[in-house]
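Note: the block below is coords-v2.cif and it holds mmCIF, C-alpha atoms.
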```
data_target
loop_
_atom_site.label_atom_id
_atom_site.label_comp_id
_atom_site.auth_asym_id
_atom_site.auth_seq_id
_atom_site.Cartn_x
_atom_site.Cartn_y
_atom_site.Cartn_z
CA MET A 175 73.32 101.18 118.07
CA GLY A 176 71.62 99.14 120.74
CA GLY A 177 69.77 101.88 122.59
CA GLY A 178 69.37 101.80 126.37
CA GLU A 179 72.66 101.01 128.09
CA GLY A 180 74.48 100.53 124.77
CA VAL A 181 74.70 104.29 124.23
CA ILE A 182 77.32 104.59 126.98
CA VAL A 183 80.18 104.10 124.50
CA PHE A 184 78.81 106.98 122.46
CA TYR A 185 78.68 109.22 125.52
CA ILE A 186 82.23 108.33 126.56
CA LEU A 187 83.56 109.07 123.06
CA SER A 188 81.58 112.33 122.89
CA ILE A 189 82.85 113.55 126.25
CA LEU A 190 86.41 112.71 125.22
CA ALA A 191 85.88 114.55 121.93
CA ILE A 192 84.57 117.67 123.67
CA ALA A 193 87.42 117.61 126.19
CA ALA A 194 89.99 117.19 123.40
CA ALA A 195 88.43 120.01 121.40
CA MET A 196 88.53 122.35 124.41
CA LEU A 197 92.14 121.43 125.13
CA ALA A 198 93.05 121.95 121.46
CA ALA A 199 91.49 125.40 121.52
CA SER A 200 92.94 126.49 124.87
CA SER A 201 96.45 125.04 124.75
CA LYS A 202 99.23 127.65 124.65
CA ASN A 203 101.65 125.39 122.82
CA LEU A 204 100.88 125.00 119.12
CA LEU A 205 102.31 121.50 118.94
CA HIS A 206 100.21 120.33 121.90
CA SER A 207 97.13 121.81 120.32
CA THR A 208 97.86 119.85 117.16
CA LEU A 209 98.26 116.67 119.20
CA TRP A 210 94.87 117.24 120.82
CA LEU A 211 93.39 117.95 117.40
CA THR A 212 94.74 114.61 116.16
CA PHE A 213 93.15 112.91 119.14
CA LEU A 214 89.87 114.71 118.43
CA VAL A 215 89.85 113.66 114.77
CA VAL A 216 90.51 110.00 115.58
CA ASP A 217 87.88 110.14 118.32
CA VAL A 218 85.28 111.50 115.91
CA ALA A 219 86.21 108.65 113.57
CA GLY A 220 85.52 106.31 116.48
CA ILE A 221 82.08 107.90 116.96
CA PHE A 222 81.27 107.35 113.28
CA PHE A 223 82.49 103.76 113.58
CA TYR A 224 80.29 103.19 116.61
CA LEU A 225 77.29 104.59 114.70
CA GLU A 226 78.04 101.96 112.02
CA ASN A 227 78.94 104.50 109.37
CA TYR A 228 82.20 102.80 108.44
CA PHE A 229 82.83 104.67 105.20
CA ILE A 230 82.72 108.12 106.81
CA SER A 231 84.88 106.81 109.63
CA ALA A 232 87.57 105.57 107.25
CA ILE A 233 87.46 108.81 105.25
CA GLN A 234 87.70 110.80 108.48
CA VAL A 235 90.92 108.99 109.42
CA LEU A 236 92.26 109.12 105.86
CA VAL A 237 91.62 112.77 105.08
CA TYR A 238 91.75 114.50 108.46
CA ALA A 239 94.28 112.45 110.46
CA GLY A 240 96.34 111.64 107.38
CA ALA A 241 96.40 114.77 105.27
CA ILE A 242 95.00 117.77 107.15
CA ILE A 243 97.04 117.11 110.29
CA THR A 244 100.17 116.82 108.14
CA LEU A 245 99.45 120.22 106.62
CA ILE A 246 98.72 121.75 110.03
CA LEU A 247 101.97 120.30 111.39
CA THR A 248 103.86 121.79 108.45
CA SER A 249 102.40 125.22 109.15
CA VAL A 250 103.19 124.84 112.86
CA MET A 251 106.74 123.96 111.90
CA LEU A 252 107.09 127.11 109.83
CA SER A 253 105.44 129.46 112.31
CA ARG A 254 107.59 132.09 114.07
CA ARG A 255 105.76 131.50 117.35
CA TYR A 256 106.87 127.87 117.53
CA GLN A 257 110.46 128.56 116.55
CA ASP A 258 110.89 131.32 119.14
CA GLU A 259 109.90 129.09 122.04
CA GLU A 260 113.29 127.43 122.10
CA MET B 192 85.40 77.91 110.22
CA ASN B 193 86.11 81.38 111.50
CA LEU B 194 89.07 82.08 113.80
CA PHE B 195 86.62 83.63 116.23
CA PHE B 196 84.47 80.50 116.48
CA PHE B 197 87.59 78.33 116.67
CA LEU B 198 88.91 80.22 119.71
CA MET B 199 85.41 80.42 121.17
CA SER B 200 85.00 76.64 120.97
CA ILE B 201 88.40 76.09 122.61
CA LEU B 202 87.33 78.42 125.41
CA TYR B 203 84.01 76.55 125.69
CA GLY B 204 85.92 73.26 125.95
CA ILE B 205 88.08 74.67 128.75
CA VAL B 206 85.00 75.96 130.58
CA LYS B 207 83.26 72.57 130.26
CA PHE B 208 86.43 70.75 131.38
CA LEU B 209 86.74 72.88 134.51
CA HIS B 210 82.98 72.56 135.27
CA ILE B 211 82.46 76.33 135.48
CA ASN B 212 78.81 77.35 135.38
CA PHE B 213 77.76 80.44 133.48
CA ILE B 214 76.73 83.44 135.52
CA PRO B 215 72.92 83.66 135.26
CA PHE B 216 72.78 87.47 134.68
CA THR B 217 72.03 88.78 131.21
CA TYR B 218 72.96 92.02 129.44
CA GLN B 219 70.89 93.00 126.39
CA GLY B 220 69.34 89.54 126.39
CA VAL B 221 72.67 87.68 126.24
CA PRO B 222 74.18 85.88 129.28
CA VAL B 223 77.10 87.74 130.85
CA GLY B 224 79.33 84.67 130.44
CA ILE B 225 79.03 84.95 126.66
CA TRP B 226 80.06 88.63 126.81
CA ILE B 227 83.09 87.75 128.96
CA ALA B 228 84.01 84.95 126.54
CA TYR B 229 83.63 87.40 123.65
CA PHE B 230 86.03 89.88 125.21
CA ILE B 231 88.54 87.15 126.12
CA VAL B 232 88.49 85.81 122.55
CA ALA B 233 88.80 89.30 121.07
CA THR B 234 91.82 89.98 123.30
CA ILE B 235 93.43 86.68 122.29
CA GLU B 236 92.90 87.53 118.63
CA VAL B 237 94.57 90.93 118.99
CA VAL B 238 97.47 89.37 120.91
CA LEU B 239 97.88 86.78 118.15
CA VAL B 240 97.98 89.50 115.50
CA PHE B 241 100.50 91.48 117.54
CA ALA B 242 102.65 88.35 117.91
CA PHE B 243 102.46 87.77 114.16
CA ALA B 244 103.53 91.37 113.49
CA MET B 245 106.45 91.07 115.90
CA LEU B 246 107.48 87.74 114.37
CA ALA B 247 107.42 89.30 110.91
CA VAL B 248 109.55 92.20 112.18
CA ILE B 249 112.12 89.87 113.78
CA VAL B 250 112.39 87.71 110.66
CA ILE B 251 112.69 90.74 108.37
CA ILE B 252 115.38 92.40 110.47
CA TYR B 253 117.43 89.17 110.58
CA VAL B 254 117.07 88.61 106.84
CA PHE B 255 117.89 92.27 106.18
CA ARG B 256 121.10 92.14 108.22
CA LYS B 257 122.29 88.93 106.61
CA TYR B 258 121.34 90.13 103.14
CA MET B 259 123.01 93.51 103.54
CA ALA B 260 126.13 91.86 104.98
CA ASP B 261 126.24 89.49 102.04
CA ALA B 262 125.93 92.36 99.58
CA GLN B 263 128.73 94.24 101.33
CA ASN B 264 131.03 91.19 101.56
CA ARG B 265 130.68 90.84 105.33
CA ILE B 266 129.44 87.94 107.46
CA GLY B 267 126.75 89.75 109.45
CA PRO B 268 125.44 88.67 112.85
CA ASN B 269 126.83 85.23 113.71
CA ARG B 270 127.57 85.12 117.44
CA VAL B 271 124.26 85.18 119.35
CA GLY B 272 122.31 81.95 118.96
CA PRO B 273 122.55 79.61 115.97
CA TRP B 274 123.65 81.60 112.86
CA GLY B 275 123.12 84.80 114.81
CA THR B 276 119.34 84.43 114.85
CA LEU B 277 118.98 85.75 118.40
CA GLN B 278 120.93 88.95 117.67
CA LEU B 279 117.78 91.05 117.59
CA ILE B 280 116.65 89.80 121.01
CA ALA B 281 120.07 90.74 122.40
CA ASP B 282 119.75 94.15 120.75
CA VAL B 283 116.34 94.71 122.34
CA PHE B 284 117.78 93.93 125.78
CA LYS B 285 120.65 96.30 125.12
CA LEU B 286 118.25 99.07 124.04
CA ILE B 287 116.06 98.58 127.11
CA GLN B 288 119.02 98.93 129.47
CA LYS B 289 120.20 102.16 127.90
CA GLN B 290 119.64 105.47 129.63
CA ASP B 291 116.43 107.12 128.51
CA ILE B 292 117.58 110.53 127.33
CA ILE B 293 115.05 113.31 126.71
CA PRO B 294 116.70 116.56 125.56
CA THR B 295 116.00 119.53 127.84
CA ALA B 296 114.99 121.70 124.90
CA ALA B 297 112.54 119.08 123.61
CA ASP B 298 108.80 119.32 123.92
CA ARG B 299 108.44 116.56 126.49
CA THR B 300 104.85 115.35 125.89
CA ALA B 301 105.08 115.29 122.12
CA PHE B 302 108.52 113.68 122.31
CA LEU B 303 107.13 110.83 124.40
CA VAL B 304 103.96 110.36 122.33
CA ALA B 305 105.57 110.28 118.87
CA PRO B 306 107.02 106.70 118.81
CA TYR B 307 103.65 105.23 119.77
CA LEU B 308 101.87 107.31 117.11
CA VAL B 309 104.11 105.60 114.56
CA PHE B 310 103.87 102.12 116.04
CA THR B 311 100.15 101.76 116.86
CA PRO B 312 98.71 102.22 113.32
CA VAL B 313 101.12 99.58 111.99
CA VAL B 314 99.86 96.97 114.45
CA LEU B 315 96.25 98.04 113.86
CA GLY B 316 96.79 97.59 110.13
CA PHE B 317 97.79 93.94 110.63
CA ILE B 318 94.34 93.23 112.11
CA LEU B 319 92.67 94.10 108.79
CA ILE B 320 94.79 91.98 106.43
CA PRO B 321 92.81 89.05 104.96
CA PHE B 322 95.07 86.13 105.86
CA GLY B 323 93.03 83.53 104.01
CA SER B 324 92.47 80.06 105.39
CA VAL B 325 94.42 76.99 106.45
CA SER B 326 92.24 73.94 105.56
CA ILE B 327 88.88 74.85 107.15
CA LEU B 328 90.14 77.48 109.60
CA ASN B 329 89.71 81.02 108.29
CA LEU B 330 92.37 83.28 109.77
CA MET B 331 90.67 86.59 108.99
CA VAL B 332 90.31 88.58 112.20
CA VAL B 333 87.77 91.21 111.18
CA ASN B 334 85.56 91.34 108.14
CA PHE B 335 83.29 94.23 107.32
CA ASN B 336 82.61 96.21 104.18
CA TYR B 337 85.40 98.80 104.29
CA THR B 338 88.50 96.91 105.44
CA ILE B 339 90.82 98.04 102.62
CA LEU B 340 89.95 101.70 103.26
CA PHE B 341 90.80 101.33 106.94
CA LEU B 342 94.05 99.57 106.05
CA ILE B 343 95.14 102.46 103.85
CA ALA B 344 93.90 104.96 106.44
CA PHE B 345 96.10 103.40 109.10
CA MET B 346 99.02 103.43 106.70
CA THR B 347 98.56 107.15 106.06
CA ILE B 348 98.54 108.21 109.72
CA ALA B 349 101.81 106.47 110.59
CA PRO B 350 104.07 109.25 109.15
CA VAL B 351 102.29 111.90 111.26
CA GLY B 352 104.14 110.46 114.26
CA GLU B 353 107.44 110.92 112.47
CA ILE B 354 106.67 114.58 111.82
CA ILE B 355 105.63 115.13 115.44
CA GLY B 356 108.78 113.40 116.66
CA GLY B 357 110.97 115.56 114.46
CA LEU B 358 109.18 118.73 115.55
CA ALA B 359 109.28 117.87 119.24
CA SER B 360 113.04 117.27 119.25
CA HIS B 361 113.79 121.00 118.75
CA ASN B 362 116.81 120.21 116.66
CA LYS B 363 117.62 121.64 113.26
CA PHE B 364 118.38 118.28 111.68
CA SER B 365 115.18 116.76 113.05
CA LEU B 366 113.22 119.77 111.83
CA TYR B 367 114.62 119.30 108.33
CA GLY B 368 113.80 115.60 108.53
CA ALA B 369 110.23 116.35 109.58
CA LEU B 370 109.81 118.93 106.81
CA ARG B 371 111.07 116.50 104.20
CA SER B 372 108.88 113.76 105.65
CA ALA B 373 105.81 115.98 105.30
CA ALA B 374 106.67 116.94 101.72
CA GLN B 375 107.31 113.34 100.76
CA ASP B 376 104.13 112.03 102.39
CA VAL B 377 101.92 114.60 100.70
CA GLY B 378 103.66 113.93 97.40
CA PHE B 379 103.15 110.17 97.49
CA GLU B 380 99.78 110.00 99.23
CA VAL B 381 97.68 111.25 96.31
CA PRO B 382 99.06 108.84 93.62
CA MET B 383 98.82 105.96 96.11
CA LEU B 384 95.16 106.67 96.86
CA ILE B 385 94.26 107.09 93.18
CA SER B 386 95.83 103.75 92.26
CA LEU B 387 93.96 102.20 95.17
CA ILE B 388 90.74 103.70 93.80
CA SER B 389 91.33 101.97 90.45
CA VAL B 390 91.67 98.65 92.25
CA ILE B 391 88.41 99.35 94.06
CA VAL B 392 86.76 100.24 90.73
CA LEU B 393 87.82 96.91 89.21
CA ALA B 394 86.86 94.82 92.22
CA GLY B 395 83.62 96.73 92.82
CA SER B 396 84.04 96.53 96.58
CA TYR B 397 85.84 98.14 99.51
CA ASN B 398 86.18 94.77 101.21
CA ALA B 399 89.69 93.29 101.15
CA ASN B 400 88.18 89.81 101.02
CA ASP B 401 86.15 90.66 97.89
CA ILE B 402 89.21 92.27 96.29
CA VAL B 403 91.06 88.99 96.71
CA THR B 404 88.21 86.84 95.39
CA ALA B 405 87.84 89.16 92.37
CA GLN B 406 91.40 88.16 91.37
CA ARG B 407 90.63 84.45 91.21
CA ILE B 408 91.21 84.29 87.42
CA VAL B 409 93.44 87.26 86.59
CA PRO B 410 95.45 89.11 89.27
CA PHE B 411 95.04 92.89 89.12
CA ILE B 412 98.72 93.31 88.27
CA VAL B 413 97.87 92.31 84.66
CA PRO B 414 95.28 94.99 83.78
CA GLU B 415 96.80 97.55 86.17
CA ILE B 416 100.53 97.31 85.67
CA LEU B 417 100.80 101.13 85.76
CA GLY B 418 98.90 101.30 89.01
CA PHE B 419 101.06 98.58 90.46
CA ILE B 420 104.25 100.50 89.64
CA VAL B 421 102.82 103.70 91.12
CA PHE B 422 101.58 101.98 94.26
CA PHE B 423 104.85 100.13 94.76
CA LEU B 424 106.97 103.29 94.39
CA ALA B 425 104.60 105.11 96.72
CA MET B 426 104.98 102.30 99.26
CA ILE B 427 108.77 102.66 99.09
CA GLY B 428 108.31 106.39 99.56
CA ARG B 429 105.97 105.99 102.52
CA GLN B 430 108.42 103.75 104.35
CA SER B 431 111.23 106.23 103.64
CA ILE B 432 113.72 103.52 102.75
CA PRO B 433 116.41 104.15 100.11
CA PRO B 434 116.23 105.43 97.39
CA PHE B 435 113.55 107.65 98.96
CA ASP B 436 115.04 107.90 102.47
CA LEU B 437 115.32 111.69 102.53
CA PRO B 438 113.58 112.19 105.92
CA GLU B 439 116.19 110.12 107.73
CA SER B 440 119.18 110.32 105.42
CA GLY B 441 122.06 109.18 107.57
CA SER B 442 124.87 111.10 105.92
CA GLU B 443 123.38 114.59 105.73
CA LEU B 444 120.69 114.79 108.42
CA VAL B 445 122.11 112.28 110.94
CA SER B 446 118.94 110.16 110.67
CA GLY B 447 116.51 113.08 110.59
CA PHE B 448 113.49 112.91 112.85
CA SER B 449 115.00 110.19 115.05
CA THR B 450 118.27 112.01 115.77
CA GLU B 451 117.42 112.75 119.40
CA TYR B 452 115.82 109.41 120.12
CA SER B 453 117.88 106.79 121.90
CA GLY B 454 117.35 103.52 123.72
CA MET B 455 114.04 101.72 123.34
CA ARG B 456 112.30 104.81 121.92
CA TYR B 457 114.58 104.55 118.93
CA GLY B 458 113.94 100.81 118.96
CA ILE B 459 110.20 101.43 118.62
CA PHE B 460 110.80 103.63 115.57
CA TYR B 461 113.04 100.93 114.13
CA MET B 462 110.49 98.17 114.69
CA ALA B 463 107.67 100.32 113.35
CA ASN B 464 109.71 100.89 110.19
CA PHE B 465 110.12 97.16 109.56
CA GLY B 466 106.55 96.44 110.63
CA PHE B 467 105.41 98.99 108.06
CA MET B 468 107.52 97.19 105.47
CA ALA B 469 105.77 93.89 106.25
CA LEU B 470 102.36 95.60 106.20
CA ALA B 471 103.12 97.33 102.88
CA SER B 472 104.24 94.11 101.20
CA PHE B 473 101.15 92.25 102.43
CA VAL B 474 98.90 95.05 101.16
CA VAL B 475 100.58 95.03 97.74
CA ALA B 476 100.25 91.24 97.64
CA VAL B 477 96.57 91.46 98.56
CA ILE B 478 95.49 94.16 96.14
CA TYR B 479 97.68 93.32 93.11
CA LEU B 480 98.78 89.68 93.32
CA GLY B 481 95.58 88.07 94.53
CA GLY B 482 96.40 87.58 98.21
CA TRP B 483 95.60 84.05 99.28
CA GLU B 484 94.53 82.78 95.85
CA GLY B 485 96.80 80.03 94.56
CA PRO B 486 96.98 76.30 93.84
CA ILE B 487 98.11 73.40 96.07
CA PHE B 488 99.23 75.21 99.23
CA PRO B 489 96.80 76.62 101.80
CA GLY B 490 95.88 80.27 101.28
CA THR B 491 97.85 81.74 104.16
CA ILE B 492 101.09 80.22 102.87
CA TRP B 493 100.47 81.81 99.47
CA LEU B 494 99.96 85.20 101.09
CA VAL B 495 103.17 84.83 103.08
CA ILE B 496 105.10 83.76 99.95
CA LYS B 497 103.80 86.71 97.95
CA GLY B 498 104.53 89.08 100.82
CA ALA B 499 108.06 87.70 101.18
CA VAL B 500 108.75 88.39 97.50
CA PHE B 501 107.91 92.06 98.01
CA ILE B 502 109.90 92.22 101.24
CA PHE B 503 112.93 90.96 99.31
CA ILE B 504 112.40 93.57 96.62
CA PHE B 505 112.15 96.31 99.26
CA LEU B 506 115.35 95.08 100.90
CA LEU B 507 117.06 94.85 97.51
CA THR B 508 116.24 98.48 96.72
CA TRP B 509 117.42 99.40 100.21
CA ILE B 510 120.86 97.87 99.87
CA SER B 511 121.52 98.62 96.22
CA LEU B 512 120.19 102.07 95.29
CA GLY B 513 121.50 105.52 96.07
CA ARG B 514 119.48 108.42 97.43
CA VAL B 515 117.61 110.76 95.07
CA ARG B 516 117.62 114.54 95.47
CA ILE B 517 114.63 116.20 97.16
CA ASP B 518 113.51 118.10 94.03
CA HIS B 519 113.80 114.92 91.95
CA LEU B 520 111.74 113.09 94.55
CA LEU B 521 108.94 115.66 94.49
CA ASN B 522 109.07 115.67 90.68
CA ILE B 523 108.62 111.89 90.69
CA GLY B 524 105.65 112.22 93.01
CA TRP B 525 103.75 115.07 91.42
CA LYS B 526 104.82 115.08 87.76
CA TYR B 527 105.12 111.38 86.93
CA LEU B 528 103.28 109.20 89.46
CA LEU B 529 100.14 111.35 89.65
CA PRO B 530 99.45 111.45 85.87
CA LEU B 531 100.33 107.75 85.59
CA SER B 532 97.88 106.87 88.32
CA ILE B 533 95.13 108.95 86.66
CA ILE B 534 95.76 107.21 83.31
CA ASN B 535 95.57 103.91 85.17
CA LEU B 536 92.28 104.94 86.76
CA LEU B 537 90.84 105.74 83.31
CA ILE B 538 92.05 102.39 81.91
CA SER B 539 90.57 100.41 84.78
CA ALA B 540 87.30 102.37 84.55
CA GLY B 541 87.13 101.39 80.85
CA ILE B 542 87.84 97.75 81.69
CA ALA B 543 85.20 97.78 84.41
CA LEU B 544 82.73 99.36 81.96
CA TYR B 545 83.24 97.00 79.01
CA PHE B 546 84.44 93.76 80.61
CA GLY B 547 82.67 94.17 83.92
CA GLY B 548 81.87 90.48 84.30
CA VAL B 549 85.44 89.23 83.88
CA PHE B 550 86.83 90.63 87.12
#
```

Now that the file is in, can you turn its structure into structure tokens?
Amino acid sequence: MGGGEGVIVFYILSILAIAAAMLAASSKNLLHSTLWLTFLVVDVAGIFFYLENYFISAIQVLVYAGAIITLILTSVMLSRRYQDEE
Amino acid sequence: MNLFFFLMSILYGIVKFLHINFIPFTYQGVPVGIWIAYFIVATIEVVLVFAFAMLAVIVIIYVFRKYMADAQNRIGPNRVGPWGTLQLIADVFKLIQKQDIIPTAADRTAFLVAPYLVFTPVVLGFILIPFGSVSILNLMVVNFNYTILFLIAFMTIAPVGEIIGGLASHNKFSLYGALRSAAQDVGFEVPMLISLISVIVLAGSYNANDIVTAQRIVPFIVPEILGFIVFFLAMIGRQSIPPFDLPESGSELVSGFSTEYSGMRYGIFYMANFGFMALASFVVAVIYLGGWEGPIFPGTIWLVIKGAVFIFIFLLTWISLGRVRIDHLLNIGWKYLLPLSIINLLISAGIALYFGGVF
């Protein structure tokens, strides 16, 4: 991390992460909230990558975006709330 | 020589030829012109990788059509271009012209996002493959310590797009396809990662380049034949091609998660599927067959040859095998592949412990 002006990438990613987290929490539609959560997880992986912690970044994508989001999507699929919206 | 420096020197030659002077401003102690050149070269590299991925997809789809036609006693595409080679281009134009239908019941945002969620990780994965070198030019695009982990990470997030697409369609068949896709992904992900871990244990590095150089004498397929079988089956499962094509089974679910997709959106799913096949065969070639290691030919040609072998095996399973039942599929994943991969991990840990210097 370069310090000085170089931190701007970090700030952009952080603001995007906070916005995505707020949208994920406030969205009425469960599927949209999961989409924002996916965006948040990948964005946090980007922050780790920018901070040169590549291992944690890869594990973040692998575990959260790969596995946890799949499980959340499965539970969204099976929820009564989602099915009734049709 | 690195691909980056190669492109950079070409750019420098162009700049010198046109007599353009560098802008005198600096950012973080480096002239702005160098930063601009850096971004231009990085963009060119990504475009080259994208072009390579698309070329691989076009070649695979052509070979697949001809191969399948041959197996079914047909001729296959033979009208557009010489030997029907331009058929795919014609198909793309046809798909682009088609009406873009979004079902009224569908969740519009998620429906539009899903094809790109499948397609982007596949192209990103191509950036991380170690392509080896042609004479002195090294074709590797990025090289840092955790490339193989990122490759596998990109391969695991591709199916999430399929699930989202199936959910967003609001259609019973798509919902079943998405549910099966989720079950299949979770079932095959764990054995795949454990067999990858045993490769990492043997190579002693997360770097794809180091994994290839560790196989200079003996390819990892020899000590890890079990892991190879597990990883290969898991790769077939991740692509959802027959015999593990339950998420999109044409006869029962009317192509599952992509039922409601038409036009170019379906085309993106289709291309992502074949791109994933190319990526999967390159990854298997890199981690089990020694990537660009080989005599006589330049390294990149060896990688392409080894990848092509796996592509042919994938296509052969596609056209020749029937579909398995869902409970059999999950049994394969959890009851057979997972214990096999753990046994393989123990074997490779023993090899790494006692013959650590060999690999």

Please report as a tab-separated table every residue of chain B lying within 6 Å of chain A, along with the nearest atom pair and their distance in Å (one decimal), using only C-alpha atoms.
```
residue	atom	partner	partner_atom	distance
B:Phe341	CA	A:Ala232	CA	5.3
B:Ala344	CA	A:Leu236	CA	4.5
B:Thr347	CA	A:Gly240	CA	5.2
B:Ile348	CA	A:Gly240	CA	4.7
```

With all atoms listed in the file as the atoms that count, which of B:Val254, B:Met331, B:Leu520, B:Val271 lies nearest to B:Ser372? B:Leu520

Could you state the separation of atom CA of B:Leu198 and atom CA of B:Lys497 in Å, given to one decimal place? 27.2 Å

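Shortest separation to A:Leu214 among A:Val181, A:Ile246, A:Ala191, A:Leu197 occurs at residue A:Ala191, atoms counted being all atoms listed in the file.
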
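Straight-line separation from atom CA of B:Ala499 to atom CA of B:Val474: 11.7 Å.
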
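Residues matched by the PyMOL selection byres ((chain A and resi 217) around 9) in this structure: Leu187, Ser188, Leu190, Ala191, Ala194, Thr212, Phe213, Leu214, Val215, Val216, Val218, Ala219, Gly220, Ile221 and Phe222 of chain A.
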
Residues of stretch 300-326 of chain B that have any atom at most 10 Å from an atom of stretch 449-471 of chain B: could you tabulate them with the shortest-distance atom pair and the distance in Å to one decimal, using only C-alpha atoms, ordered by chain and increasing number, as a tab-separated table?
```
residue	atom	partner	partner_atom	distance
B:Phe302	CA	B:Tyr452	CA	8.7
B:Leu303	CA	B:Arg456	CA	8.3
B:Ala305	CA	B:Phe460	CA	9.1
B:Pro306	CA	B:Phe460	CA	5.8
B:Tyr307	CA	B:Ile459	CA	7.7
B:Leu308	CA	B:Phe460	CA	9.8
B:Val309	CA	B:Ala463	CA	6.5
B:Phe310	CA	B:Ala463	CA	5.0
B:Thr311	CA	B:Ala463	CA	8.4
B:Pro312	CA	B:Phe467	CA	9.1
B:Val313	CA	B:Phe467	CA	5.8
B:Val314	CA	B:Gly466	CA	7.7
B:Gly316	CA	B:Leu470	CA	7.1
B:Phe317	CA	B:Leu470	CA	6.6
B:Ile320	CA	B:Leu470	CA	8.4
```

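Every polymer residue reaching to within 12 Å of (80.8, 78.1, 125.6), counting only C-alpha atoms, appears in this list: Phe196, Phe197, Leu198, Met199, Ser200, Ile201, Leu202, Tyr203, Gly204, Ile205, Val206, Lys207, Phe208, Leu209, His210, Ile211, Asn212, Phe213, Ile214, Pro222, Val223, Gly224, Ile225, Trp226, Ile227, Ala228, Tyr229, Ile231 and Val232 of chain B.
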
Looking at B:Phe473, B:Ile504, B:Ser360, B:Val325, which one is nearest to B:Ile487, with distances taken over all atoms listed in the file? B:Val325

Name the residues that the PyMOL selection byres ((chain B and resi 433) around 12) pulls out of this structure, and write them as a ChimeraX atom specification. /B:424,426-432,434-441,504-516,520

To test your reading of the syntax: which residues would the PyMOL selection byres ((chain B and resi 540) around 12) return for the file shown? Reply as an NGL selection string. :B and (386 or 388-395 or 414-415 or 533-539 or 541-547)

Using C-alpha atoms, can you export the residues from the last selection as a short mmCIF file (atom, residue, chain, number, x, y, z; two decimals), keeping the file's coordinate frame?
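Written out: again.cif:
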```cif
data_model
loop_
_atom_site.label_atom_id
_atom_site.label_comp_id
_atom_site.auth_asym_id
_atom_site.auth_seq_id
_atom_site.Cartn_x
_atom_site.Cartn_y
_atom_site.Cartn_z
CA SER B 386 95.83 103.75 92.26
CA ILE B 388 90.74 103.70 93.80
CA SER B 389 91.33 101.97 90.45
CA VAL B 390 91.67 98.65 92.25
CA ILE B 391 88.41 99.35 94.06
CA VAL B 392 86.76 100.24 90.73
CA LEU B 393 87.82 96.91 89.21
CA ALA B 394 86.86 94.82 92.22
CA GLY B 395 83.62 96.73 92.82
CA PRO B 414 95.28 94.99 83.78
CA GLU B 415 96.80 97.55 86.17
CA ILE B 533 95.13 108.95 86.66
CA ILE B 534 95.76 107.21 83.31
CA ASN B 535 95.57 103.91 85.17
CA LEU B 536 92.28 104.94 86.76
CA LEU B 537 90.84 105.74 83.31
CA ILE B 538 92.05 102.39 81.91
CA SER B 539 90.57 100.41 84.78
CA GLY B 541 87.13 101.39 80.85
CA ILE B 542 87.84 97.75 81.69
CA ALA B 543 85.20 97.78 84.41
CA LEU B 544 82.73 99.36 81.96
CA TYR B 545 83.24 97.00 79.01
CA PHE B 546 84.44 93.76 80.61
CA GLY B 547 82.67 94.17 83.92
#
```

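Residues in contact with B:Val475 at up to 9 Å, not including ones fewer than 3 positions away on its chain and judged by only C-alpha atoms, are Phe419, Phe422, Phe423, Met426, Leu470, Ala471, Ser472, Ile478, Tyr479, Leu480, Gly482, Lys497, Gly498 and Phe501 of chain B.
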
d(atom CA of B:Phe345, atom CA of B:Phe195) in Å: 23.1 Å

Please return stretch 349-357 of chain B, rebuilt to N, CA and C atoms, as an mmCIF file, keeping the file's coordinate frame.
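Writing done, so here's rebuild_1.cif:
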```cif
data_model
loop_
_atom_site.group_PDB
_atom_site.id
_atom_site.type_symbol
_atom_site.label_atom_id
_atom_site.label_comp_id
_atom_site.auth_asym_id
_atom_site.auth_seq_id
_atom_site.Cartn_x
_atom_site.Cartn_y
_atom_site.Cartn_z
ATOM 1 N N ALA B 349 100.530 106.798 109.961
ATOM 2 C CA ALA B 349 101.810 106.470 110.590
ATOM 3 C C ALA B 349 102.860 107.584 110.446
ATOM 4 N N PRO B 350 103.032 108.220 109.263
ATOM 5 C CA PRO B 350 104.070 109.250 109.150
ATOM 6 C C PRO B 350 103.812 110.504 109.969
ATOM 7 N N VAL B 351 102.566 110.724 110.416
ATOM 8 C CA VAL B 351 102.290 111.900 111.260
ATOM 9 C C VAL B 351 103.139 111.842 112.529
ATOM 10 N N GLY B 352 103.303 110.620 113.078
ATOM 11 C CA GLY B 352 104.140 110.460 114.260
ATOM 12 C C GLY B 352 105.574 110.855 113.999
ATOM 13 N N GLU B 353 106.063 110.540 112.799
ATOM 14 C CA GLU B 353 107.440 110.920 112.470
ATOM 15 C C GLU B 353 107.585 112.432 112.470
ATOM 16 N N ILE B 354 106.593 113.120 111.875
ATOM 17 C CA ILE B 354 106.670 114.580 111.820
ATOM 18 C C ILE B 354 106.626 115.159 113.223
ATOM 19 N N ILE B 355 105.730 114.613 114.068
ATOM 20 C CA ILE B 355 105.630 115.130 115.440
ATOM 21 C C ILE B 355 106.926 114.885 116.190
ATOM 22 N N GLY B 356 107.524 113.691 115.991
ATOM 23 C CA GLY B 356 108.780 113.400 116.660
ATOM 24 C C GLY B 356 109.882 114.358 116.238
ATOM 25 N N GLY B 357 109.955 114.644 114.940
ATOM 26 C CA GLY B 357 110.970 115.560 114.460
ATOM 27 C C GLY B 357 110.767 116.965 114.962
#
```
